[in-house]
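A short write-up of the structure that comes next.
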Amino acid sequence: QVELRVMYYTDGIEDQVLGEQISRFEAENPGIKVALDVVAYKQIVEGLPVQLAAGEGPDIARVTDLGGLAKYYLDMRPYLEDAGYWVENFGPFLPWLRQEGDTESVCGYMTQMTVTGPFVNKTLFEQAGVAMPAKGATWEDWAAAVNEVARKLDIPIPLAMDRSGHRMAGPAISQGAAYFDAAGEPAVVDEGFKRMAQLLVDWHNDGTMSKELWGSVSGSSYRGANEEFGNAQVVMYMSGSWQIAQFSEQIGDDFDWWAVPNPCGPGTCTGMPGGAAMVAFKDTEHPAEVTKLMEFFAREDNLEDFYSRTLFIPGHVGLSAKGIDFQTDNPNAKHALGVFAEHIGEISPTAFQLQGYPFNRVMFNAAISRVNQAIVGEMSLDEAYGRIEQDVEQQIAEKKRGG
Amino acid sequence: MADLRLRGIAKSFGATEVLRDVELEVADGEFVVLVGPSGCGKSTLLRIVAGLEKQSAGDIEIGGANVNAVPAADRGLAMVFQSYALYPHMTVYKNMAFALENTRMPKEQITARVREAAAMLRLGELLERKPAQLSGGQRQRVAIGRAMVREPKVFLFDEPLSNLDAELRVAMRKELATLHASIKATMVFVTHDQTEAMTLADRIVVMRAGVLEQIGRPLDVYNHPANLFVAGFIGSPRMNFFAAAAEGGRLRLAAGGMMDAPPGIALADGAKVTVGVRPEHVAIGTAAGCDPFAGAVEINEQLGGESYLYCGCGLEEQVVVHSPGQNELRVGDRIELALPPGRAHVFDGDGKVVRPA
Amino acid sequence: MADLRLRGIAKSFGATEVLRDVELEVADGEFVVLVGPSGCGKSTLLRIVAGLEKQSAGDIEIGGANVNAVPAADRGLAMVFQSYALYPHMTVYKNMAFALENTRMPKEQITARVREAAAMLRLGELLERKPAQLSGGQRQRVAIGRAMVREPKVFLFDEPLSNLDAELRVAMRKELATLHASIKATMVFVTHDQTEAMTLADRIVVMRAGVLEQIGRPLDVYNHPANLFVAGFIGSPRMNFFAAAAEGGRLRLAAGGMMDAPPGIALADGAKVTVGVRPEHVAIGTAAGCDPFAGAVEINEQLGGESYLYCGCGLEEQVVVHSPGQNELRVGDRIELALPPGRAHVFDGDGKVVRPA
Amino acid sequence: MISRLLHFLGRGRGTGGRPHVTDVLTWLYLALGVFLMFAPVLWLGLSSFKTQAGLIEYPPTLAPLEQITVPVEGYDEPLPLFRVTGEDGVVRELAQVRRVGIISLMVDPAAPAERIKVPIDSIEKVREVKLAFENYAYPIAKLNFLGYLGNSVFVTVAATAITLVINSMAAFGLAIYRFPGRNVALGLVIGTLMFPLTIILVPTYLIVTELGMTNSLWGVILPGAATPTGVFLLRQYMLTIPGELIEAARLDRASEWQIYWRIVMPLALPALAVLAIFSVIWRWNEFLWPLIVLNRSENFTLQIGLHSFSGEFYTRWNYLLAMTVLTLLPVLFVFGWLQRFITTGIASAGIK
Amino acid sequence: MRQRLRELAALPWLLAMRALDRPFRLLQRGIGQGGMPYFFLVPNLLFFGTFVILPLLVNAAYSLTGGTELFLEDRPWIGAEHFGHLFACGDLLDPATCREDNFWRAIYNSMKFVTLQVGFMVALSLLTALVLNRKIRARGFFRAVFFFPVLLSPVVVALIWKWVLHRDGVLNALLESLGGDKILFFIDPGWAMFWAIFVSIWAHMGFYTLILLAGLQAIPPDLYEAAEMDGTSKTRTLWRITLPMLWPNLVVVIVLAMIKSVQTFDEVFVLTGGGPGTATQLIVQYIYDTGFASQVQNFGLAAAASYVLAVILIALTVIYIALAFRPDAKHA
Ligand SMILES: Nc1ncnc2c1ncn2[C@@H]1O[C@H](COP(=O)(O)OP(=O)(O)OP(=O)(O)O)[C@@H](O)[C@H]1O
Ligand SMILES: Nc1ncnc2c1ncn2[C@@H]1O[C@H](COP(=O)(O)OP(=O)(O)OP(=O)(O)O)[C@@H](O)[C@H]1O
Ligand SMILES: [Mg+2]
Ligand SMILES: [Mg+2]
């Protein structure tokens with residue numbers, strides 16, 4: 001009897017769905033027992049790295065720091081029955097799970113593909129009688145439109161954006177930010193990034209964005225605007241595909257919440273990809289069984305079942321192409337899922353590169369915390385740029401020192 | 001005016017009844033001494049007067065005003081606690097000055113008063129000590145000093161001299177008498193010391209088990225105890241009691257022999273009474289009007305200036321005889337004793353004294 | 001064997017020297033009473049013997065063995081604290097049983113012993129009370145009981161009867177004597193009560209300011225005080241002192257008049273001495289060998305069985321005169337006093353007694 | 001305000017039987033306390049019965065409300081009820097069939113045949129108080145609730161017991177004795193007070209790993225057992241116990257151990273109760289440390305278990321709150337029981 | 001009956017202690033009374049050494065090594081470099097000139113926070129303890145009321161207060177109904193600090209109140225009686241009797257409040273997130289972010305910062321301890 005441990009966090013019903021699949025797996029494989037440990041997300045972020053470092057981790061986990069933990073991942077290839085299936089269907093995302101220099105290994109699959117992109121309260125637009133900017137509109141266009149809606153209807157927050165460097169990265173790349181220099185080394189601050197930063201500062205100063213969300217917290221803290229959006233206090237909310245399930249439960253059809261295409265900048269019109277991956281750890285005592293379980297999870301039928309019920313954008317090329325019949329009868333959700341699926345195709349390569357960079361969070365966090373300090377007036381934007389570069393440089397250096 | 005009036009005071013702690021229907025009037029400037037066996041409710045009574053404990057029933061008047069609802073701080077009394085209750089974190093000086101500082105008295109005046117009291121209490125050297133660094137008697141004196149410096153209208157003393165040596169106690173006694181005379185305060189004083197009670201009191205109050213048994217001037221109480229209890233309690237060693245029965249106008253003692261009834265006392269024939277004679281009145285040898293009886297010295301307590309002989313006379317209790325000075329008697333020596341009828345007290349079956357007609 | 005030997009004990013608290021060179025031997029089974037003015041170091045001495053305080057110098061031997069390094073728990077003594085130190089969270093019963101439980105005595109035996117002690121101390125009703133619910137005297141009795149039940153070889157009592165009423169005190173005194181006789185324990189007993197000291201002690205130890213002034217059998221100390229201090233301290237009211245000068249084999253009193261020197265005492269002419277006569281020896285009227293001098297009654301302390309007259313005789317201090325029984329003298333009455341030479345003590349300029357040749 | 005309150009604590013009392021100004025102020029203070037301390041908690045209780053949507057609704061409602069739905073003839077599902085203000089100002093209650101953009105399609109439940117189009121800014125949900133018991137039912141059913149509860153109870157009881165015993169022993173040693181090294185030990189205790197657990201989380205985890213206690217409840221229990229806080233608290237309290245009691249006990253031939261548990265412990269009961277309350281709460285609510293030590297769900301404590309409702313983007317506040325309320329009940333009970341020991345002031349009655 | 005039950009509940013404890021009695025008596029015979037204090041200290045110090053001192057030593061080693069590795073043997077020695085970084089400042093008083101500007105911002109925020117929070121915390125918990133120590137009806141209930149917030153986890157505390165302080169929250173509703181304007185409390189540094197302090201006091205006051213309540217109980221009641229007989233006003237009784245007698249416990253409260261205040265982290269973090277900007281970012285948050293929550297876990301820098309913090313704390317505490325240990329151990 002082999003016991004496998006799966007550490008899993010949940011934003012909704014994923015754990016239920018996975019639990020059912022595990023039961024099926026156990027029925028198929030009587031020799032393997034799988035324990036599903038549903039934990040707080042905090043444990044994945046803060047507990048798991050230490051546990052892994054100390055050699056006390058689980059066999060499989062759902063993680064979001066894809067590259068950061070790559071050194072602990074199990075390369076499943078020796079045990080995989082059909083490595084080709086994995087390369088074929090998870091190919092674009094596998095590099096995210098690899099250590100620098102590694103181009104081969106297969107360590108996991110995406111339980112969830114996410115794309116960042118804005119939602120709007122369409123009902124407000126209708127009530128205000130303002131036309132929604134069409135696909136291809138710039139951020140400035142949107143800003144003008146949401147401001148108009150807000151003014152007409154006395155809505156407190158025209159535009160909200162998750163306080164997250166990751167959320168900011170899409171628009172920044174659209175503004176032309178490259179995030180890396182020619183040598184592939186991190187270089188956050190460039191003209192494009194500065195344009196975006198300037199925009200954010202301006203928006204906060206002219207009331208397009210509310211300081212309540214960005215201004216009110218420090219450092220790299222995440223802060224979303226779900227509540228405000230759900231209470232119809234936000235016209236446009238730059239967030240991401242993972243919100244769909246929540247919105248359908250929370251907002252239902254109190255108003256029409258629509259996902260809209262990512263607005264454009266001088267560069268492009270991209271969102272950021274992202275997501276969570278299921279990975280196997282090499283410290284496991286049962287690599288073969290672990291792989292077997294992973295293969296079971298990653299089977300097309302199981303994944304389809306999973307994605308369709310959790311309303312996650314598939315991180316499976318085949319399923320993406322085929323399209324998923326999401327199990328929801330909320331028209332807003334259906335619409336949004338469609339829009340986000342479209343976003344995927346529009347993601348810029350820079351965004352992919354950034355997402356694949358193991359220490360992207362260093363860049364994200366530096367950007368968000370320093371730009372934020374500029375927004376609240378603790379420092380000028382120029383100082384902020386300097387600090388961002390210093391922060392990134394220092395942390396990467398530290399990382400490289402004892403690697 | 002600081003007269004003190006207790007009307008029908010009762011007190012229970014849960015089921016324990018500690019005081020019962022206490023009626024007492026203390027005139028302004030009077031010195032009343034409260035005596036009674038340990039645990040009879042003396043401290044409780046003082047605490048009720050002070051306002052530290054709430055009586056279960058009854059009224060307290062001070063200076064004519066009912067103070068039932070007046071908190072302790074406003075009753076204007078000073079009290080020396082049986083347990084001292086010194087402030088452990090303050091020096092002796094501070095302990096004594098504390099109450100005065102409360103009244104916003106000028107500093108020099110406080111210092112003067114405290115120094116004066118300290119000198120009187122022989123605490124002069126110790127003013128900067130904390131209570132933990134004092135001996136038992138020194139602590140007690142600080143407690144007295146704390147009350148004294150306040151010069152209030154009413155003083156309550158709860159066994160204030162119990163831990164002092166004889167010499168100091170005599171000195172303190174004098175000082176208290178002087179204090180009393182000079183500030184004319186009303187004083188209620190609890191003591192177990194007979195000498196203190198007899199010498200200090202204007203009136204003595206004898207308590208037993210929460211009840212006032214007798215109130216009177218010291219020698220009255222001593223000479224005319226109202227009942228067996230008071231007779232036994234006042235005077236040390238205590239009065240000797242002899243069971244007796246009236247027989248033809250005389251008394252037949254259970255110890256054997258007859259004696260005359262004390263002058264003026266007529267008893268119905270056959271009445272069972274108790275005859276009480278104080279140790280200093282028991283005659284060694286013979287006494288007119290009483291058949292002598294024999295006793296064997298069982299204990300000979302020689303106190304130096306006087307002696308007490310504890311004699312076995314075939315009774316349940318020893319007969320205590322006072323003999324002045326020192327003596328050469330040895331345990332086992334036999335002596336003749338007699339009870340002078342003129343010195344005898346007679347108590348009826350209920351323990352109440354039988355007064356001469 | 002539980003004899004107790006103190007050799008050169010000294011104790012200082014910081015700069016305060018509390019005991020100096022104390023030498024004392026207490027035989028096994030002996031009852032020693034420690035007396036001395038308040039603050040003279042009695043409690044400190046007991047605490048050092050008990051091992052609660054470390055002496056600054058000197059050795060303590062119990063049963064022949066040096067116990068300097070033996071912790072209090074292992075010295076096998078019982079002590080009654082002047083402050084009682086009852087365990088506030090335990091009932092009276094538990095307080096008394098605690099020590100016995102520590103010796104793993106069977107439960108029934110503990111109960112029996114505690115009940116016996118409680119009965120003796122008249123605490124029978126109170127066994128389930130906590131100390132906070134007791135009167136002062138009751139607490140003190142619990143403290144005694146706690147020591148008594150242990151029946152140790154050495155008892156240390158620090159003013160154990162000070163808060164008891166006279167009757168109870170006499171009873172307790174007897175009980176202690178009985179206890180002493182029955183378990184033959186060595187006892188060191190601190191008291192301020194002259195009667196207790198005189199009646200209980202095999203030997204009395206008189207202390208002053210950390211120094212032992214005299215050790216001796218009670219009547220010896222009473223009759224032959226070694227110095228002025230002891231003479232004044234033992235006996236209450238204290239001995240009267242008269243300044244005098246030797247003049248041709250007789251003594252000229254500062255009060256006026258001459259008196260014979262006490263028998264056997266020869267003094268160099270002109271020597272300044274102090275003559276001491278106890279109140280009970282001052283003669284009212286005349287005395288052979290002494291010129292009478294006049295006094296005016298200033299205070300007439302009537303204790304019932306006896307009286308003390310405080311007379312002004314033109315001296316710095318009043319002359320105290322004992323008069324048996326009660327009297328009718330009033331303040332201001334003039335009486336004649338005389339000092340019987342046979343009863344007088346003579347002290348030299350240093351306060352040391354002058355012994356008859 | 002502070003000075004006024006201080007003043008009131010110090011004022012002398014007036015005469016007569018009527019309530020004194022200090023009593024009035026006391027009651028005012030207590031009323032304020034109840035309002036400030038308790039009202040939010042009341043909200044917590046009520047909110048634990050709200051739906052997730054109701055929880056994050058602004059402006060917030062006090063009571064848990066839910067929209068009324070009514071069965072309407074001709075419709076399979078019950079329809080949500082709205083209060084509609086007509087253009088003429090007449091208010092009607094209508095059921096909504098469907099919403100298209102800013103127009104709501106409604107029917108009168110009494111006359112289901114006719115459909116009415118209403119602009120959505122003139123409609124308002126009709127709601128009633130409804131307790132969402134599923135907030136409780138679902139997590140209990142879903143989580144291994146009893147298992148978590150058992151783990152929590154074990155951790156709390158064992159940790160508190162160990163903490164009380166070893167801390168009180170150390171405090172006893174530091175308060176009652178004078179011995180070489182005492183100041184060093186005291187310094188250590190106080191010095192280490194300075195470092196929050198968060199700071200030494202990682203090294204402590206390494207040590208726990210070395211001891212093989214990861215994934216065991218002992219790994220949760222032991223590291224926090226020797227709290228400097230507890231030692232310090234107890235020691236300071238024990239300083240107030242009269243020394244003569246200890247001397248008396250020594251003379252009563254009590255061993256030092258007996259002095260500890262028969263004299264000092266009972267007398268330090270109030271402080272022990274404080275520490276026990278503190279320890280129980282701390283262990284019961286402890287989150288970060290177990291989170292790191294435990295990663296197997298059979299070992300999870302309640303706190304870890306119920307936080308599995310907090311995900312990356314989304315926290316199920318309704319479950320979390322309901323479970324919070326549920327987990328509060330036992331500690332509340334324990335507090336109610338222990339707080340009485342805090343007010344058993346006894347330490348002084350035996351000394352004159 | 002209840003008495004019986006209580007005795008029953010205490011029985012296991014009694015039995016255990018009694019069972020231990022004989023071995024400990026033997027032990028005492030062995031090591032002597034003078035050795036016993038060590039014995040009493042050993043269990044605690046054992047735990048303490050293993051789970052506190054040892055980690056602190058490891059932490060010290062971290063502060064002198066670099067990289068992001070967990071195991072010391074993997075970490076390169078870099079000496080005092082981290083400390084150097086922390087103190088690389090143009091002007092110590094101006095965080096903007098420092099290399100680790102957020103460290104110094106956090107230090108200054110913490111100082112502000114601690115000063116105000118400790119002062120009010122001690123004063124309020126003392127006041128509350130005094131009120132709750134009065135003979136009032138339903139004392140148990142009120143004690144529970146004031147204590148209740150201590151039971152809540154920081155997340156719940158923050159949730160509750162967000163409900164109050166939100167733009168559309170209860171407080172703003174109240175302000176509006178009184179004719180005022182809404183206040184966005186969390187975008188104003190002053191307000192954010194105020195509420196951070198307020199809420200942390202709200203959340204922890206009950207604990208200190210409890211300590212003080214226990215301390216008040218240890219004051220002999222006859223001192224109050226004596227004070228009353230001395231005609232002492234209530235204010236003076238408070239200052240001259242209660243506070244001095246409460247001192248040992250007050251020291252506990254002051255020291256603990258101060259230390260815990262410096263260590264405040266989650267409840268403020270969940271409430272204000274350290275904002276606006278970095279206005280309420282406290283030192284422990286900095287350490288936690290640097291060493292733990294960030295992707296590149298810089299244990300070394302975090303450890304160095306924690307020692308700097310400890311030095312500051314110790315300096316502060318020494319002042320109090322100097323006062324605290326005047327009435328020192330009294331026995332043996
Ligand atoms: N800790 C201390 N520091 C300084 N002096 C002290 C200390 N303890 C006691 N003393 C002093 O030592 C002397 C002796 O004290 P001790 O208690 O032995 O007196 P005592 O003879 O028992 O007096 P009493 O009859 O009043 O109880 C006293 O003068 C006292 O003030
Ligand atoms: N809190 C209480 N609960 C129950 N009984 C009490 C309480 N306080 C005192 N008593 C009892 O009340 C009685 C009277 O106590 P009180 O202290 O007045 O006696 P006392 O006359 O002062 O005695 P002593 O001379 O011994 O000091 C005692 O029997 C005592 O046991
Ligand atoms: Mg009394
Ligand atoms: Mg003494």
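Residue numbers start at 1 in each chain; chains themselves are named A, B, ... in the order of the structure tokens; ligands are numbered from 1 in the order shown.
Every protein, DNA or RNA residue with an atom at most 8 Å from region 272-282 of chain D, where only C-alpha atoms count and chain neighbours fewer than 6 positions away do not, is listed here: D:Thr156, D:Val157, D:Ala159, D:Thr160, D:Thr163, D:Leu164, D:Ser168, D:Gly230, D:Leu233, D:Leu234, D:Met265, D:Val331, D:Val334, D:Phe335, D:Leu338, D:Gln339, D:Phe341, D:Ile342, E:Leu151, E:Phe207, E:Leu210, E:Ile211, E:Ala214.
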* To do: Excluding Ile324 (chain A) and residues on its chain fewer than 2 positions from it, collect all residues at most 12 Å away from it, counting only C-alpha atoms, and give them as an MDAnalysis selection string.
  => chainID A and resid 300:301 303:322 326:328 334 337:338 341
* Check every protein, DNA and RNA residue against ligand 2, keep those with an atom at most 8 Å away (counting only C-alpha atoms and all ligand atoms), and present them as a PyMOL selection string. => (chain B and resi 12-14+16-19+36-46+82+158-159+191-192+209-210) or (chain C and resi 126+129+132-140+163-165)
Can those selected residues be exported to a file as an mmCIF file, in the first residue's frame so that it contains N, CA and C atoms?
```cif
data_model
loop_
_atom_site.group_PDB
_atom_site.id
_atom_site.type_symbol
_atom_site.label_atom_id
_atom_site.label_comp_id
_atom_site.auth_asym_id
_atom_site.auth_seq_id
_atom_site.Cartn_x
_atom_site.Cartn_y
_atom_site.Cartn_z
ATOM 1 N N SER B 12 -24.132 39.163 60.927
ATOM 2 C CA SER B 12 -23.908 37.754 60.611
ATOM 3 C C SER B 12 -22.972 37.657 59.426
ATOM 4 N N PHE B 13 -22.093 36.676 59.470
ATOM 5 C CA PHE B 13 -21.334 36.299 58.271
ATOM 6 C C PHE B 13 -21.970 35.037 57.749
ATOM 7 N N GLY B 14 -22.763 35.159 56.724
ATOM 8 C CA GLY B 14 -23.486 33.980 56.273
ATOM 9 C C GLY B 14 -24.330 33.468 57.410
ATOM 10 N N THR B 16 -23.150 32.423 60.267
ATOM 11 C CA THR B 16 -22.542 32.675 61.569
ATOM 12 C C THR B 16 -23.032 33.998 62.135
ATOM 13 N N GLU B 17 -23.714 33.924 63.250
ATOM 14 C CA GLU B 17 -24.187 35.153 63.887
ATOM 15 C C GLU B 17 -23.077 35.633 64.811
ATOM 16 N N VAL B 18 -22.572 36.808 64.580
ATOM 17 C CA VAL B 18 -21.402 37.265 65.317
ATOM 18 C C VAL B 18 -21.750 38.316 66.364
ATOM 19 N N LEU B 19 -22.720 39.154 66.020
ATOM 20 C CA LEU B 19 -23.167 40.154 66.999
ATOM 21 C C LEU B 19 -24.681 40.078 67.110
ATOM 22 N N GLY B 36 -13.555 40.760 76.239
ATOM 23 C CA GLY B 36 -14.361 39.583 75.970
ATOM 24 C C GLY B 36 -13.466 38.506 75.422
ATOM 25 N N PRO B 37 -13.939 37.274 75.466
ATOM 26 C CA PRO B 37 -13.090 36.176 75.012
ATOM 27 C C PRO B 37 -12.747 36.319 73.545
ATOM 28 N N SER B 38 -11.703 35.663 73.159
ATOM 29 C CA SER B 38 -11.282 35.670 71.764
ATOM 30 C C SER B 38 -12.426 35.193 70.881
ATOM 31 N N GLY B 39 -12.686 35.935 69.845
ATOM 32 C CA GLY B 39 -13.726 35.534 68.898
ATOM 33 C C GLY B 39 -15.121 35.942 69.295
ATOM 34 N N CYS B 40 -15.255 36.821 70.296
ATOM 35 C CA CYS B 40 -16.601 37.155 70.731
ATOM 36 C C CYS B 40 -17.205 38.269 69.902
ATOM 37 N N GLY B 41 -16.423 38.914 69.037
ATOM 38 C CA GLY B 41 -17.003 39.919 68.149
ATOM 39 C C GLY B 41 -16.529 41.332 68.418
ATOM 40 N N LYS B 42 -15.456 41.477 69.155
ATOM 41 C CA LYS B 42 -14.972 42.814 69.468
ATOM 42 C C LYS B 42 -14.484 43.534 68.219
ATOM 43 N N SER B 43 -13.621 42.850 67.483
ATOM 44 C CA SER B 43 -13.095 43.498 66.277
ATOM 45 C C SER B 43 -14.218 43.791 65.315
ATOM 46 N N THR B 44 -15.135 42.857 65.198
ATOM 47 C CA THR B 44 -16.243 43.061 64.275
ATOM 48 C C THR B 44 -17.022 44.312 64.664
ATOM 49 N N LEU B 45 -17.232 44.479 65.957
ATOM 50 C CA LEU B 45 -17.975 45.648 66.410
ATOM 51 C C LEU B 45 -17.217 46.925 66.049
ATOM 52 N N LEU B 46 -15.928 46.929 66.303
ATOM 53 C CA LEU B 46 -15.139 48.107 65.954
ATOM 54 C C LEU B 46 -15.213 48.382 64.457
ATOM 55 N N GLN B 82 -6.121 45.422 64.453
ATOM 56 C CA GLN B 82 -5.492 44.302 65.158
ATOM 57 C C GLN B 82 -4.344 43.730 64.314
ATOM 58 N N ASP B 158 -7.799 48.424 68.437
ATOM 59 C CA ASP B 158 -8.027 46.980 68.514
ATOM 60 C C ASP B 158 -6.760 46.306 69.027
ATOM 61 N N GLU B 159 -6.730 46.036 70.276
ATOM 62 C CA GLU B 159 -5.581 45.418 70.940
ATOM 63 C C GLU B 159 -4.266 46.080 70.522
ATOM 64 N N THR B 191 -8.998 45.251 74.506
ATOM 65 C CA THR B 191 -7.772 44.699 75.078
ATOM 66 C C THR B 191 -8.064 43.379 75.764
ATOM 67 N N HIS B 192 -7.023 42.607 75.929
ATOM 68 C CA HIS B 192 -7.138 41.386 76.705
ATOM 69 C C HIS B 192 -6.423 41.548 78.035
ATOM 70 N N ALA B 209 -19.717 36.194 73.084
ATOM 71 C CA ALA B 209 -20.396 35.626 71.931
ATOM 72 C C ALA B 209 -21.368 36.606 71.290
ATOM 73 N N GLY B 210 -20.915 37.808 71.070
ATOM 74 C CA GLY B 210 -21.728 38.771 70.340
ATOM 75 C C GLY B 210 -22.746 39.510 71.168
ATOM 76 N N LEU C 126 -14.173 25.585 64.289
ATOM 77 C CA LEU C 126 -13.676 26.438 63.213
ATOM 78 C C LEU C 126 -12.831 25.700 62.195
ATOM 79 N N ARG C 129 -13.023 26.643 58.574
ATOM 80 C CA ARG C 129 -12.881 28.041 58.168
ATOM 81 C C ARG C 129 -11.517 28.299 57.548
ATOM 82 N N ALA C 132 -8.969 33.916 56.820
ATOM 83 C CA ALA C 132 -9.595 35.228 56.668
ATOM 84 C C ALA C 132 -10.899 35.322 57.454
ATOM 85 N N GLN C 133 -11.472 34.185 57.787
ATOM 86 C CA GLN C 133 -12.753 34.222 58.497
ATOM 87 C C GLN C 133 -12.584 34.079 60.002
ATOM 88 N N LEU C 134 -11.367 34.273 60.479
ATOM 89 C CA LEU C 134 -11.131 34.094 61.910
ATOM 90 C C LEU C 134 -10.833 35.422 62.578
ATOM 91 N N SER C 135 -11.073 35.452 63.867
ATOM 92 C CA SER C 135 -10.666 36.628 64.635
ATOM 93 C C SER C 135 -9.177 36.530 64.927
ATOM 94 N N GLY C 136 -8.625 37.637 65.404
ATOM 95 C CA GLY C 136 -7.197 37.680 65.650
ATOM 96 C C GLY C 136 -6.728 36.579 66.593
ATOM 97 N N GLY C 137 -7.440 36.408 67.685
ATOM 98 C CA GLY C 137 -7.039 35.397 68.651
ATOM 99 C C GLY C 137 -7.179 33.993 68.087
ATOM 100 N N GLN C 138 -8.209 33.812 67.288
ATOM 101 C CA GLN C 138 -8.387 32.485 66.694
ATOM 102 C C GLN C 138 -7.241 32.170 65.741
ATOM 103 N N ARG C 139 -6.821 33.162 65.008
ATOM 104 C CA ARG C 139 -5.693 32.943 64.116
ATOM 105 C C ARG C 139 -4.461 32.557 64.910
ATOM 106 N N GLN C 140 -4.260 33.274 65.978
ATOM 107 C CA GLN C 140 -3.082 32.989 66.784
ATOM 108 C C GLN C 140 -3.131 31.556 67.313
ATOM 109 N N ASN C 163 -2.495 37.663 71.687
ATOM 110 C CA ASN C 163 -3.819 38.122 71.305
ATOM 111 C C ASN C 163 -4.955 37.346 71.967
ATOM 112 N N LEU C 164 -4.626 36.666 73.055
ATOM 113 C CA LEU C 164 -5.668 35.880 73.718
ATOM 114 C C LEU C 164 -6.151 36.607 74.963
ATOM 115 N N ASP C 165 -7.377 36.341 75.319
ATOM 116 C CA ASP C 165 -7.902 36.975 76.514
ATOM 117 C C ASP C 165 -7.314 36.302 77.746
#
```
* **Test item, helix (DSSP H, G or I) assignment across region 30-71 of chain D, answer as a ChimeraX atom specification** => /D:30-47,52-55
* Determine which residues of chain D sit within 10 Å of chain A, taking into account only C-alpha atoms, and present them as number ranges by chain. => D: 51-59, 98-103, 119-121, 142-143, 201-202, 205-206, 209-210, 212, 214-215, 288-298, 300, 303-316
* Got a sec to pull out which chain E residues are within 7 Å of chain D, counting only C-alpha atoms, and send them as a ChimeraX atom specification? -> /E:21,24-25,37,40-41,43-44,47-48,51,55-56,58-59,131,145-146,149,151,153,160,168-169,210-211,214,217-218,220,233-236,238,248-249,252,259,263,288,306,310,313-314,329-332
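Separating CA of Glu225 (chain E) from CA of Ala117 (chain B) is a distance of 22.0 Å.
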* To do: Compare B:Pro340, B:Pro279, B:Gly332, B:Gly256 by their minimum atom-to-atom distance to Gly305 (chain C), counting only C-alpha atoms, and give me the closest one.
  =>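 Counting only C-alpha atoms, the residue closest to Gly305 (chain C) is B:Pro279.
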* If we count only C-alpha atoms, what is near Gly285 (chain B) at a cut-off of 12 Å, once residues fewer than 4 positions away on the same chain are taken out, given as a list in words? -> His281, Cys290, Asp291, Pro292, Phe293, Ala294, Gly295, Val321, Arg334, Ile335, Glu336, Leu337, Ala338, Leu339 and Pro340 of chain B
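The residue that comes closest to chain E, out of A:Ala150, A:Val217, A:Ala187, A:Val260 and on the basis of only C-alpha atoms, is A:Val217.
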